[in-house]
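Engineer: Have a look at the structure that comes next, please.
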Amino acid sequence: MQKLSLKWDQGSLGQTPFFEVESQQDNLRVLRIPQPVVLDTWRVGATKEEIKEYSSAYTEVNETSNGYLCSAELEAEGARYRVVDEWLQTDNDTWQVNRKVTVLKGIPASGFRLRLDVVTALQEATDFTDLKYFAPPALYDKNDLDEDGLEDYLSTQNLMYREDRMNMLAVLAYDEKRELGMTLLRADQPSWDDVPVRPDKERLFLQKTDIGSLGVWKAPVEGNQMSLRAAYPFYEGERCHALYMQERPDWGSFWPTDTGEGFEVSYGIRVEGAPLFIDAVWNTYTRRMKDLGSTPVPLPATAEKLNEYRLEALDRYYIEKSEVEDTNKPAGYVLNCHPQNGIQLSNIIQFGFTGQNILSAYNSLRYGLDHGVVDYVQKAQKVVDFFVEKAHLRETGMFYNLYSVEKKSFDFWWTGLLLPLAYAEGDRLRELMGPLYEHREFVIKALQEKQGSYLRCMNEDVHALMLIYRFEQSKGRENKEWLEAAKRYAEFLLRAQEEDGTWYRAYDIEGKAITDPPIWFGTTIYEQKSSTATSIPLLIELFEITHDERYLEAAKKAGRFVRETIVKGIKFNGGIHDSIYAKGQLIDNESIYFPMIGLLALYKATEDPYFLQGAHDAAKLNASWTVLWDVPLPPQSTLAKFGFRSTGIGACDTPGAGYVHPFELSGVAEMVEIAELTGDQGMLRVAELLWHGCNQTVATPEKDWGYAYTGLQEEGYLISWWAWDDPMFGDTGFGQRWKGEGNKTCFPWIPAVAVHCYWKLYDMFGTADFKQIRQQINAKQGVQN
């Protein structure tokens, strides 16, 4: 650990701090704070342009036994403020500043905000594009997949995020040239928040809240430098998605400037060496986990009981039709409801992504055999038979993604969030979607002409087909047609694989790649081929079953692309299929989950450490989507009333930071396995946090979360503000998704990934109890518990 020293520059108006990394050669000045006290002031009703900035150096600096006590007073707009900063060295490479501001003389109908700019102090000019950034889940490198120098979703280089959007309450800037990570962190955890009072949808307002902001900003100094910026209370600008999707306006709060008012807030500055950006990412994240004291949320019931509850709820939404009713004889789990009332919205059988029908069949069949529930077994087999016999396009080997039971036909599912397009028309469609239809109308019209399937969706359920095939085989039942269908699909994959080992995101029913419209299917190789990793686990399964080397070679070829371009390049995206933002493809946690499980499968098949390193690096990125602290919620919100804790829940995507969901259960078992293979105790801890946090909101008899049936679980939750004022989420069926509320959605993927995770843990350790899992792993590695 390198020594970080705090030193002082003396100016005519006072002293300002700077930070040096000590070395045996030359000390390196890395950061400075040219104006340690900065206040933004605002009068109620004024415009953004009328906000005024006042700044000062410290006028008093006194050395103490373990740091420095500094102070300054400012006069602004007739008000007077006193700021006292206590600087303490809390670790060899970390300094903490405990800030206290007091309004000595107030003025009515006005507010202020305290700011901190920690500026790069490297010898040469430093621009936004010269550094790599990490502020999960909002910022991975620069969120710049099109490489135009701007963040893709906000189209700016100045980025500020409310702290309730930030998994680790910190922002890291990494300098590749010097192999240094520089982190600004919130040292005290925000502990309270409430709904801002904004009767006319004001974007600037007075509010007492413990939520501030952190981000990166072009430094307000001469020459090009970047700053790690903090603001308290919060400010999100130049753009954000808190209020509107398309306009993306900024917003922010100010503390009342009343005599005697004030607050306290603490930040940390940390500088540590790391040979690669991924090392800086993981060091920063795991250290923050320790700083924050992240502890697992108690499970609402035993893992086994949760399986029972989940599958009972899923079974409520099973549907099948006889040959007389529908010659296709459909069978599937059509769960699609607002969990608050449990009323089915549509009878859509979807394969992959939000449907996960074959994975649900695997879970139900395995549970049914274990517990003697014959009905589960029979239904699961019918679901698989329908998939293989009717959803399969034998000529190309592909599969349909969606079947409408009402229409008695297969359909094409392109637009995710716009699922009502598959079952509603006219007034009913507008009732469900509101202005969202107009927002995406140009995409909808382009996609309505296309017939085909997403690669991810096909890969997911054919992979699940092999899971259930092998399980049935282990019980003495041979389903040859299931295997033959998977092999025909694999032949499609072999034909469609590009020279660089990749596949495109989607294919038409003739097996040709779909790349138009570019806003939806991508403009760069990172976007167009973002689903490549989803093919790997299936190919490995088929190799293990058939011993056909072609499957392994195709998987290895894909794995090299995935490791070098997607993982090493931090270019993962496109896992989610329902963007409503400026771009059709998102940087999301699902798009790094697939590289992680694919590269792990390759390592287990080849024992090549190249793939294990790739899997470990992908796992670090996958883990970072996990929230490490308990975000304060409005006291009257639904989640607050039920005692929701955000620690251990998984974030969803970067532009929607502050929206969380339980999908990360999908990769918990693989994270545990990677932790065991690499000895990474931090990885094991994050897996435990996820297992607990993502299972906490299953409705049980003791705590139903306001859901209609035991075993239901909502798809996602808002722990920050998102599209609050946007009419597309106002009076629609999915409206009122405010901070502290759920997204009013339930799909089959929720129990599918959770129960499957249980089976994976059980098969490896005979339990899903992390205390026992840790004991087993530590015993193998000779580590003390």
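Starting from 1 in every chain, residues are counted up; chains themselves are A, B, ... following the order of the structure tokens, and ligands are numbered from 1 as listed.
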When you look at segment 132-140 of chain A with a cut-off of 9 Å (counting only C-alpha atoms), what residues show up, excluding the ones that are within fewer than 6 positions of it in the same chain? I need them as a CSV table (one decimal) with N, CA, C and O atoms, in the first residue's frame.
Structural biologist:
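Wrote it out as result_9.csv, contents follow:
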chain,number,residue,atom,x,y,z
A,151,GLU,N,-20.3,10.2,-22.9
A,151,GLU,CA,-21.1,9.2,-22.2
A,151,GLU,C,-22.3,8.9,-23.1
A,151,GLU,O,-23.0,9.9,-23.5
A,161,TYR,N,-24.1,12.0,-10.1
A,161,TYR,CA,-25.1,11.0,-9.7
A,161,TYR,C,-25.5,11.1,-8.3
A,161,TYR,O,-24.7,11.3,-7.4
A,165,ARG,N,-28.0,6.2,-6.2
A,165,ARG,CA,-27.8,5.4,-7.4
A,165,ARG,C,-26.5,4.7,-7.4
A,165,ARG,O,-26.2,3.9,-8.3
A,166,MET,N,-25.7,4.8,-6.4
A,166,MET,CA,-24.3,4.4,-6.4
A,166,MET,C,-24.1,3.2,-5.5
A,166,MET,O,-24.3,3.2,-4.2
A,167,ASN,N,-23.7,2.0,-6.0
A,167,ASN,CA,-23.6,0.8,-5.3
A,167,ASN,C,-22.6,0.9,-4.2
A,167,ASN,O,-22.7,0.2,-3.1
A,168,MET,N,-21.5,1.6,-4.4
A,168,MET,CA,-20.4,1.6,-3.4
A,168,MET,C,-20.1,3.0,-2.8
A,168,MET,O,-19.1,3.2,-2.2
A,169,LEU,N,-21.0,4.0,-3.1
A,169,LEU,CA,-20.9,5.3,-2.6
A,169,LEU,C,-19.5,5.9,-2.9
A,169,LEU,O,-18.9,6.5,-2.0
A,170,ALA,N,-19.0,5.8,-4.1
A,170,ALA,CA,-17.7,6.2,-4.5
A,170,ALA,C,-17.6,6.3,-6.0
A,170,ALA,O,-18.3,5.6,-6.7
A,171,VAL,N,-16.6,7.1,-6.4
A,171,VAL,CA,-16.3,7.2,-7.8
A,171,VAL,C,-14.8,7.1,-8.0
A,171,VAL,O,-14.0,7.8,-7.2
A,172,LEU,N,-14.3,6.2,-8.9
A,172,LEU,CA,-12.9,6.0,-9.1
A,172,LEU,C,-12.5,6.5,-10.5
A,172,LEU,O,-13.2,6.3,-11.5
A,173,ALA,N,-11.4,7.2,-10.5
A,173,ALA,CA,-10.7,7.6,-11.8
A,173,ALA,C,-9.4,6.9,-11.8
A,173,ALA,O,-8.6,6.9,-10.9
A,174,TYR,N,-9.1,6.2,-13.0
A,174,TYR,CA,-7.9,5.4,-13.1
A,174,TYR,C,-7.0,5.9,-14.2
A,174,TYR,O,-7.4,6.2,-15.3
A,175,ASP,N,-5.7,6.1,-13.8
A,175,ASP,CA,-4.7,6.6,-14.8
A,175,ASP,C,-3.9,5.4,-15.2
A,175,ASP,O,-3.1,4.9,-14.5
A,176,GLU,N,-4.1,5.0,-16.5
A,176,GLU,CA,-3.4,3.9,-17.0
A,176,GLU,C,-1.8,4.1,-17.1
A,176,GLU,O,-1.1,3.2,-16.8
A,214,LEU,N,-22.1,12.4,-6.2
A,214,LEU,CA,-20.7,12.2,-6.5
A,214,LEU,C,-20.6,12.0,-8.1
A,214,LEU,O,-21.6,11.6,-8.7
A,215,GLY,N,-19.5,12.4,-8.6
A,215,GLY,CA,-19.3,12.3,-10.0
A,215,GLY,C,-18.0,12.8,-10.5
A,215,GLY,O,-17.0,13.0,-9.7
A,216,VAL,N,-17.9,12.9,-11.8
A,216,VAL,CA,-16.7,13.5,-12.5
A,216,VAL,C,-17.1,14.7,-13.3
A,216,VAL,O,-18.2,14.7,-13.9
A,277,PHE,N,-6.8,-1.7,-15.0
A,277,PHE,CA,-8.1,-1.0,-14.6
A,277,PHE,C,-8.9,-2.0,-13.8
A,277,PHE,O,-9.5,-1.7,-12.8
A,281,VAL,N,-10.6,-1.6,-10.2
A,281,VAL,CA,-12.0,-1.8,-10.0
A,281,VAL,C,-12.3,-2.7,-8.8
A,281,VAL,O,-13.1,-2.4,-7.9
A,285,TYR,N,-13.8,-1.7,-5.1
A,285,TYR,CA,-15.1,-2.2,-4.7
A,285,TYR,C,-15.1,-3.1,-3.4
A,285,TYR,O,-15.9,-2.9,-2.5
A,570,ILE,N,-13.8,-3.8,-21.3
A,570,ILE,CA,-15.0,-3.3,-20.6
A,570,ILE,C,-16.0,-2.8,-21.6
A,570,ILE,O,-16.5,-1.6,-21.5
A,571,LYS,N,-16.4,-3.6,-22.5
A,571,LYS,CA,-17.4,-3.2,-23.5
A,571,LYS,C,-18.6,-4.1,-23.5
A,571,LYS,O,-19.2,-4.4,-24.5
A,587,ILE,N,-25.7,-0.8,-21.2
A,587,ILE,CA,-24.7,-1.4,-20.4
A,587,ILE,C,-25.4,-1.9,-19.1
A,587,ILE,O,-26.0,-1.1,-18.4
A,588,ASP,N,-25.5,-3.2,-19.0
A,588,ASP,CA,-26.3,-3.8,-17.9
A,588,ASP,C,-25.7,-5.0,-17.3
A,588,ASP,O,-24.7,-5.5,-17.8
A,589,ASN,N,-26.2,-5.4,-16.2
A,589,ASN,CA,-25.5,-6.5,-15.5
A,589,ASN,C,-25.7,-7.9,-16.2
A,589,ASN,O,-24.9,-8.8,-16.1
A,624,SER,N,-19.8,-6.2,-9.2
A,624,SER,CA,-19.9,-4.8,-8.9
A,624,SER,C,-21.3,-4.2,-9.1
A,624,SER,O,-21.5,-3.1,-8.7
A,625,TRP,N,-22.2,-5.0,-9.7
A,625,TRP,CA,-23.6,-4.5,-9.8
A,625,TRP,C,-24.3,-4.6,-8.5
A,625,TRP,O,-25.5,-4.2,-8.4
A,626,THR,N,-23.7,-5.2,-7.5
A,626,THR,CA,-24.4,-5.4,-6.2
A,626,THR,C,-24.3,-4.2,-5.3
A,626,THR,O,-23.3,-3.6,-5.1
A,627,VAL,N,-25.5,-3.8,-4.8
A,627,VAL,CA,-25.5,-2.7,-3.8
A,627,VAL,C,-24.9,-3.1,-2.5
A,627,VAL,O,-25.2,-4.1,-2.0
A,651,ALA,N,-28.2,-4.2,-9.2
A,651,ALA,CA,-28.6,-3.1,-10.0
A,651,ALA,C,-28.9,-3.6,-11.4
A,651,ALA,O,-28.4,-4.7,-11.8
A,652,CYS,N,-29.6,-2.9,-12.2
A,652,CYS,CA,-30.0,-3.4,-13.5
A,652,CYS,C,-29.2,-2.8,-14.7
A,652,CYS,O,-28.6,-3.6,-15.4
A,653,ASP,N,-29.2,-1.5,-14.9
A,653,ASP,CA,-28.5,-1.0,-16.1
A,653,ASP,C,-28.0,0.4,-15.7
A,653,ASP,O,-28.4,1.0,-14.8
A,654,THR,N,-27.0,0.9,-16.6
A,654,THR,CA,-26.4,2.2,-16.2
A,654,THR,C,-27.3,3.4,-16.3
A,654,THR,O,-27.3,4.2,-15.4
A,655,PRO,N,-28.0,3.6,-17.4
A,655,PRO,CA,-28.8,4.8,-17.5
A,655,PRO,C,-30.0,4.8,-16.5
A,655,PRO,O,-30.4,5.9,-16.0
A,656,GLY,N,-30.4,3.6,-16.0
A,656,GLY,CA,-31.4,3.5,-15.0
A,656,GLY,C,-30.9,3.3,-13.6
A,656,GLY,O,-31.6,2.7,-12.8
A,657,ALA,N,-29.7,3.7,-13.4
A,657,ALA,CA,-29.1,3.5,-12.1
A,657,ALA,C,-30.0,4.0,-11.0
A,657,ALA,O,-30.6,5.1,-11.1
A,658,GLY,N,-30.2,3.2,-10.0
A,658,GLY,CA,-31.2,3.4,-9.0
A,658,GLY,C,-32.4,2.5,-9.1
A,658,GLY,O,-33.3,2.5,-8.2
Engineer: Considering only C-alpha atoms, return as a VMD selection string whatever protein or nucleic-acid residues lie within 7 Å of Glu236 of chain A, sequence-local ones (same chain, fewer than 2 positions apart) excluded.
Structural biologist: chain A and resid 160 to 162 234 238 to 240 250 to 252
Engineer: Leaving out Gly14 of chain A and any residue of its chain fewer than 4 positions from it, which residues lie within 6 Å of it when counting only C-alpha atoms, given as a PDB file with all heavy atoms, in the first residue's frame?
Structural biologist:
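Once everything was written out, this is selection-v6.pdb:
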ATOM      1  N   ALA A  57     -10.243  29.677  -0.037  1.00  0.00           N
ATOM      2  CA  ALA A  57      -9.204  28.843   0.558  1.00  0.00           C
ATOM      3  C   ALA A  57      -9.453  28.795   2.064  1.00  0.00           C
ATOM      4  O   ALA A  57     -10.318  29.490   2.598  1.00  0.00           O
ATOM      5  CB  ALA A  57      -7.824  29.421   0.269  1.00  0.00           C
ATOM      6  N   TYR A  58      -8.710  27.910   2.754  1.00  0.00           N
ATOM      7  CA  TYR A  58      -8.801  27.908   4.215  1.00  0.00           C
ATOM      8  C   TYR A  58      -8.080  29.130   4.758  1.00  0.00           C
ATOM      9  O   TYR A  58      -6.924  29.403   4.388  1.00  0.00           O
ATOM     10  CB  TYR A  58      -8.158  26.658   4.790  1.00  0.00           C
ATOM     11  CG  TYR A  58      -8.887  25.368   4.495  1.00  0.00           C
ATOM     12  CD1 TYR A  58      -8.208  24.279   3.943  1.00  0.00           C
ATOM     13  CD2 TYR A  58     -10.237  25.209   4.792  1.00  0.00           C
ATOM     14  CE1 TYR A  58      -8.854  23.079   3.694  1.00  0.00           C
ATOM     15  CE2 TYR A  58     -10.897  24.024   4.540  1.00  0.00           C
ATOM     16  CZ  TYR A  58     -10.201  22.950   3.984  1.00  0.00           C
ATOM     17  OH  TYR A  58     -10.843  21.771   3.732  1.00  0.00           O
ATOM     18  N   THR A  59      -8.731  29.836   5.654  1.00  0.00           N
ATOM     19  CA  THR A  59      -8.064  30.973   6.306  1.00  0.00           C
ATOM     20  C   THR A  59      -7.379  30.561   7.597  1.00  0.00           C
ATOM     21  O   THR A  59      -6.529  31.294   8.114  1.00  0.00           O
ATOM     22  CB  THR A  59      -9.090  32.083   6.598  1.00  0.00           C
ATOM     23  OG1 THR A  59     -10.195  31.528   7.321  1.00  0.00           O
ATOM     24  CG2 THR A  59      -9.600  32.682   5.287  1.00  0.00           C
TER      25      THR A  59
END
Engineer: What does the distance from atom CA of Ile750 of chain A to atom CA of Asn479 of chain A come to in Å, to one decimal?
Structural biologist: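 Atom-to-atom, atom CA of Ile750 of chain A and atom CA of Asn479 of chain A are spaced 27.1 Å apart.
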Engineer: Can you tell me, as a ChimeraX atom specification, what residues are no more than 9 Å from Tyr317 of chain A when counting only C-alpha atoms, ignoring any on the same chain fewer than 3 positions away?
Structural biologist: /A:313-314,332-336,344,347
Engineer: I need the chosen residues saved as a PDB file, in the first residue's frame, with N, CA, C and O atoms.
Structural biologist:
ATOM      1  N   ALA A 313     -46.485 -20.516  -6.774  1.00  0.00           N
ATOM      2  CA  ALA A 313     -46.981 -19.302  -7.424  1.00  0.00           C
ATOM      3  C   ALA A 313     -46.875 -19.420  -8.937  1.00  0.00           C
ATOM      4  O   ALA A 313     -47.801 -19.059  -9.675  1.00  0.00           O
ATOM      5  N   LEU A 314     -45.749 -19.929  -9.424  1.00  0.00           N
ATOM      6  CA  LEU A 314     -45.571 -20.102 -10.862  1.00  0.00           C
ATOM      7  C   LEU A 314     -46.635 -21.026 -11.444  1.00  0.00           C
ATOM      8  O   LEU A 314     -47.182 -20.774 -12.527  1.00  0.00           O
ATOM      9  N   GLY A 332     -47.277 -23.832 -21.301  1.00  0.00           N
ATOM     10  CA  GLY A 332     -46.224 -22.964 -20.797  1.00  0.00           C
ATOM     11  C   GLY A 332     -46.626 -22.187 -19.566  1.00  0.00           C
ATOM     12  O   GLY A 332     -47.784 -22.220 -19.129  1.00  0.00           O
ATOM     13  N   TYR A 333     -45.656 -21.488 -18.996  1.00  0.00           N
ATOM     14  CA  TYR A 333     -45.860 -20.640 -17.825  1.00  0.00           C
ATOM     15  C   TYR A 333     -46.005 -19.206 -18.333  1.00  0.00           C
ATOM     16  O   TYR A 333     -45.054 -18.639 -18.882  1.00  0.00           O
ATOM     17  N   VAL A 334     -47.187 -18.642 -18.165  1.00  0.00           N
ATOM     18  CA  VAL A 334     -47.500 -17.362 -18.795  1.00  0.00           C
ATOM     19  C   VAL A 334     -47.551 -16.222 -17.778  1.00  0.00           C
ATOM     20  O   VAL A 334     -48.193 -15.203 -18.014  1.00  0.00           O
ATOM     21  N   LEU A 335     -46.893 -16.386 -16.663  1.00  0.00           N
ATOM     22  CA  LEU A 335     -46.896 -15.386 -15.585  1.00  0.00           C
ATOM     23  C   LEU A 335     -46.577 -13.996 -16.145  1.00  0.00           C
ATOM     24  O   LEU A 335     -45.492 -13.738 -16.648  1.00  0.00           O
ATOM     25  N   ASN A 336     -47.552 -13.104 -16.073  1.00  0.00           N
ATOM     26  CA  ASN A 336     -47.387 -11.721 -16.519  1.00  0.00           C
ATOM     27  C   ASN A 336     -48.457 -10.901 -15.819  1.00  0.00           C
ATOM     28  O   ASN A 336     -49.593 -10.814 -16.274  1.00  0.00           O
ATOM     29  N   GLN A 344     -53.694 -11.932 -14.356  1.00  0.00           N
ATOM     30  CA  GLN A 344     -52.930 -12.164 -15.569  1.00  0.00           C
ATOM     31  C   GLN A 344     -53.221 -11.094 -16.626  1.00  0.00           C
ATOM     32  O   GLN A 344     -54.375 -10.791 -16.924  1.00  0.00           O
ATOM     33  N   ASN A 347     -51.733 -14.060 -21.960  1.00  0.00           N
ATOM     34  CA  ASN A 347     -51.282 -15.440 -22.033  1.00  0.00           C
ATOM     35  C   ASN A 347     -50.239 -15.573 -23.134  1.00  0.00           C
ATOM     36  O   ASN A 347     -50.525 -16.019 -24.247  1.00  0.00           O
TER      37      ASN A 347
END
Engineer: Env of segment 72-75 of chain A: 8 Å cut, atoms = only C-alpha atoms, seq-sep filter 6 positions within chain, self excluded. Answer as a VMD selection string.
Structural biologist: chain A and resid 37 54 to 60 81 to 84
Engineer: Please return as a PyMOL selection string: the residues of segment 595-728 of chain A that backbone DSSP assigns to strand (DSSP E).
Structural biologist: chain A and resi 650-651+659-661+717-718
Engineer: Using all heavy atoms, can you export the residues from the last selection as an mmCIF file, in the first residue's frame?
Structural biologist:
data_model
loop_
_atom_site.group_PDB
_atom_site.id
_atom_site.type_symbol
_atom_site.label_atom_id
_atom_site.label_comp_id
_atom_site.auth_asym_id
_atom_site.auth_seq_id
_atom_site.Cartn_x
_atom_site.Cartn_y
_atom_site.Cartn_z
ATOM 1 N N GLY A 650 -29.353 -6.492 -6.762
ATOM 2 C CA GLY A 650 -28.559 -6.230 -7.957
ATOM 3 C C GLY A 650 -29.090 -5.051 -8.741
ATOM 4 O O GLY A 650 -30.299 -4.931 -8.965
ATOM 5 N N ALA A 651 -28.213 -4.153 -9.162
ATOM 6 C CA ALA A 651 -28.613 -3.062 -10.045
ATOM 7 C C ALA A 651 -28.860 -3.615 -11.446
ATOM 8 O O ALA A 651 -28.379 -4.685 -11.799
ATOM 9 C CB ALA A 651 -27.542 -1.982 -10.070
ATOM 10 N N TYR A 659 -32.456 1.750 -10.190
ATOM 11 C CA TYR A 659 -33.456 0.698 -10.364
ATOM 12 C C TYR A 659 -32.741 -0.631 -10.143
ATOM 13 O O TYR A 659 -31.720 -0.911 -10.770
ATOM 14 C CB TYR A 659 -34.063 0.753 -11.764
ATOM 15 C CG TYR A 659 -34.952 -0.434 -12.088
ATOM 16 C CD1 TYR A 659 -36.193 -0.567 -11.481
ATOM 17 C CD2 TYR A 659 -34.539 -1.417 -12.978
ATOM 18 C CE1 TYR A 659 -37.006 -1.660 -11.764
ATOM 19 C CE2 TYR A 659 -35.344 -2.506 -13.274
ATOM 20 C CZ TYR A 659 -36.581 -2.619 -12.668
ATOM 21 O OH TYR A 659 -37.368 -3.702 -12.943
ATOM 22 N N VAL A 660 -33.268 -1.460 -9.238
ATOM 23 C CA VAL A 660 -32.606 -2.705 -8.863
ATOM 24 C C VAL A 660 -33.561 -3.875 -9.049
ATOM 25 O O VAL A 660 -34.779 -3.713 -9.064
ATOM 26 C CB VAL A 660 -32.097 -2.649 -7.403
ATOM 27 C CG1 VAL A 660 -31.035 -1.580 -7.247
ATOM 28 C CG2 VAL A 660 -33.264 -2.387 -6.439
ATOM 29 N N HIS A 661 -32.980 -5.079 -9.205
ATOM 30 C CA HIS A 661 -33.799 -6.270 -9.430
ATOM 31 C C HIS A 661 -33.039 -7.513 -8.983
ATOM 32 O O HIS A 661 -31.835 -7.446 -8.721
ATOM 33 C CB HIS A 661 -34.217 -6.365 -10.908
ATOM 34 C CG HIS A 661 -33.078 -6.567 -11.873
ATOM 35 N ND1 HIS A 661 -33.253 -6.836 -13.205
ATOM 36 C CD2 HIS A 661 -31.730 -6.557 -11.710
ATOM 37 C CE1 HIS A 661 -32.092 -6.979 -13.819
ATOM 38 N NE2 HIS A 661 -31.166 -6.818 -12.932
ATOM 39 N N TYR A 717 -37.251 -2.677 -8.290
ATOM 40 C CA TYR A 717 -37.558 -1.709 -7.240
ATOM 41 C C TYR A 717 -36.775 -0.426 -7.489
ATOM 42 O O TYR A 717 -35.634 -0.453 -7.959
ATOM 43 C CB TYR A 717 -37.190 -2.283 -5.867
ATOM 44 C CG TYR A 717 -37.727 -3.687 -5.666
ATOM 45 C CD1 TYR A 717 -36.967 -4.795 -6.020
ATOM 46 C CD2 TYR A 717 -39.014 -3.895 -5.175
ATOM 47 C CE1 TYR A 717 -37.463 -6.078 -5.883
ATOM 48 C CE2 TYR A 717 -39.518 -5.173 -5.037
ATOM 49 C CZ TYR A 717 -38.742 -6.264 -5.393
ATOM 50 O OH TYR A 717 -39.246 -7.532 -5.272
ATOM 51 N N LEU A 718 -37.370 0.694 -7.131
ATOM 52 C CA LEU A 718 -36.725 2.001 -7.272
ATOM 53 C C LEU A 718 -36.158 2.433 -5.925
ATOM 54 O O LEU A 718 -36.900 2.605 -4.953
ATOM 55 C CB LEU A 718 -37.718 3.038 -7.770
ATOM 56 C CG LEU A 718 -37.915 3.168 -9.275
ATOM 57 C CD1 LEU A 718 -36.643 3.616 -9.970
ATOM 58 C CD2 LEU A 718 -38.433 1.893 -9.896
#
Engineer: Excluding same-chain residues fewer than 3 positions from Arg550 of chain A, what lies within 12 Å of it counting only C-alpha atoms, as JSON, numbers by chain?
Structural biologist: {"A": [487, 490, 491, 493, 494, 495, 497, 539, 540, 542, 543, 544, 546, 547, 553, 554, 555, 556, 557]}
Engineer: Residues near segment 16-31 of chain A, anyone? I mean within 8 Å using only C-alpha atoms, not counting same-chain ones fewer than 6 positions away, as a ChimeraX atom specification.
Structural biologist: /A:2-10,57-58,118-122,271
Engineer: Could you check which of A:Val384, A:Gln473, A:Trp721, A:Ala623 is closest to Pro196 of chain A, using only C-alpha atoms?
Structural biologist: A:Trp721
Engineer: Just asking: which residues within segment 468-522 of chain A are alpha helix (DSSP H) according to DSSP, as a PyMOL selection string?
Structural biologist: chain A and resi 468-474+480-496+518-521
Engineer: Based on the selection just made, write N, CA and C atoms of those residues as a compact mmCIF listing (two decimals), in the first residue's frame.
Structural biologist:
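This is the output file result-v6.txt:
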# COMPACT_ATOMS: atom_id res chain seq x y z
N ILE A 468 -32.47 -30.00 -18.66
CA ILE A 468 -33.57 -30.90 -18.34
C ILE A 468 -33.39 -32.24 -19.05
N TYR A 469 -32.79 -32.22 -20.24
CA TYR A 469 -32.49 -33.48 -20.94
C TYR A 469 -31.55 -34.35 -20.11
N ARG A 470 -30.49 -33.75 -19.61
CA ARG A 470 -29.51 -34.53 -18.84
C ARG A 470 -30.10 -35.00 -17.52
N PHE A 471 -30.94 -34.15 -16.93
CA PHE A 471 -31.54 -34.56 -15.66
C PHE A 471 -32.50 -35.73 -15.89
N GLU A 472 -33.32 -35.66 -16.91
CA GLU A 472 -34.22 -36.75 -17.24
C GLU A 472 -33.43 -38.02 -17.56
N GLN A 473 -32.35 -37.83 -18.28
CA GLN A 473 -31.51 -38.98 -18.64
C GLN A 473 -30.96 -39.65 -17.39
N SER A 474 -30.59 -38.83 -16.38
CA SER A 474 -30.06 -39.40 -15.13
C SER A 474 -31.12 -40.21 -14.38
N LYS A 480 -34.85 -38.41 -26.93
CA LYS A 480 -33.96 -38.25 -28.07
C LYS A 480 -34.29 -37.02 -28.91
N GLU A 481 -35.59 -36.73 -29.06
CA GLU A 481 -35.98 -35.59 -29.89
C GLU A 481 -35.54 -34.27 -29.27
N TRP A 482 -35.48 -34.22 -27.93
CA TRP A 482 -34.98 -33.01 -27.29
C TRP A 482 -33.53 -32.77 -27.68
N LEU A 483 -32.75 -33.83 -27.63
CA LEU A 483 -31.33 -33.72 -27.99
C LEU A 483 -31.17 -33.39 -29.46
N GLU A 484 -31.95 -34.01 -30.31
CA GLU A 484 -31.83 -33.76 -31.75
C GLU A 484 -32.17 -32.31 -32.08
N ALA A 485 -33.17 -31.75 -31.40
CA ALA A 485 -33.52 -30.34 -31.63
C ALA A 485 -32.36 -29.43 -31.23
N ALA A 486 -31.74 -29.73 -30.09
CA ALA A 486 -30.60 -28.93 -29.65
C ALA A 486 -29.44 -29.04 -30.62
N LYS A 487 -29.22 -30.22 -31.17
CA LYS A 487 -28.13 -30.41 -32.13
C LYS A 487 -28.41 -29.66 -33.44
N ARG A 488 -29.68 -29.65 -33.86
CA ARG A 488 -30.01 -28.89 -35.07
C ARG A 488 -29.77 -27.40 -34.83
N TYR A 489 -30.10 -26.94 -33.62
CA TYR A 489 -29.83 -25.54 -33.30
C TYR A 489 -28.33 -25.27 -33.27
N ALA A 490 -27.56 -26.19 -32.73
CA ALA A 490 -26.11 -26.02 -32.68
C ALA A 490 -25.52 -25.93 -34.08
N GLU A 491 -26.11 -26.67 -35.01
CA GLU A 491 -25.63 -26.57 -36.40
C GLU A 491 -25.88 -25.17 -36.94
N PHE A 492 -27.01 -24.58 -36.56
CA PHE A 492 -27.25 -23.18 -36.94
C PHE A 492 -26.15 -22.29 -36.36
N LEU A 493 -25.81 -22.50 -35.09
CA LEU A 493 -24.76 -21.67 -34.48
C LEU A 493 -23.43 -21.83 -35.22
N LEU A 494 -23.10 -23.03 -35.59
CA LEU A 494 -21.83 -23.25 -36.31
C LEU A 494 -21.84 -22.56 -37.66
N ARG A 495 -22.98 -22.60 -38.37
CA ARG A 495 -23.08 -21.93 -39.67
C ARG A 495 -23.01 -20.41 -39.52
N ALA A 496 -23.64 -19.90 -38.48
CA ALA A 496 -23.78 -18.45 -38.33
C ALA A 496 -22.56 -17.79 -37.68
N PRO A 518 -30.19 0.31 -36.86
CA PRO A 518 -28.96 0.34 -36.05
C PRO A 518 -29.17 0.81 -34.62
N ILE A 519 -30.13 1.71 -34.38
CA ILE A 519 -30.34 2.19 -33.01
C ILE A 519 -30.74 1.04 -32.10
N TRP A 520 -31.33 -0.02 -32.68
CA TRP A 520 -31.77 -1.15 -31.88
C TRP A 520 -30.76 -2.28 -31.85
N PHE A 521 -30.11 -2.55 -32.98
CA PHE A 521 -29.22 -3.70 -33.06
C PHE A 521 -27.74 -3.32 -33.03
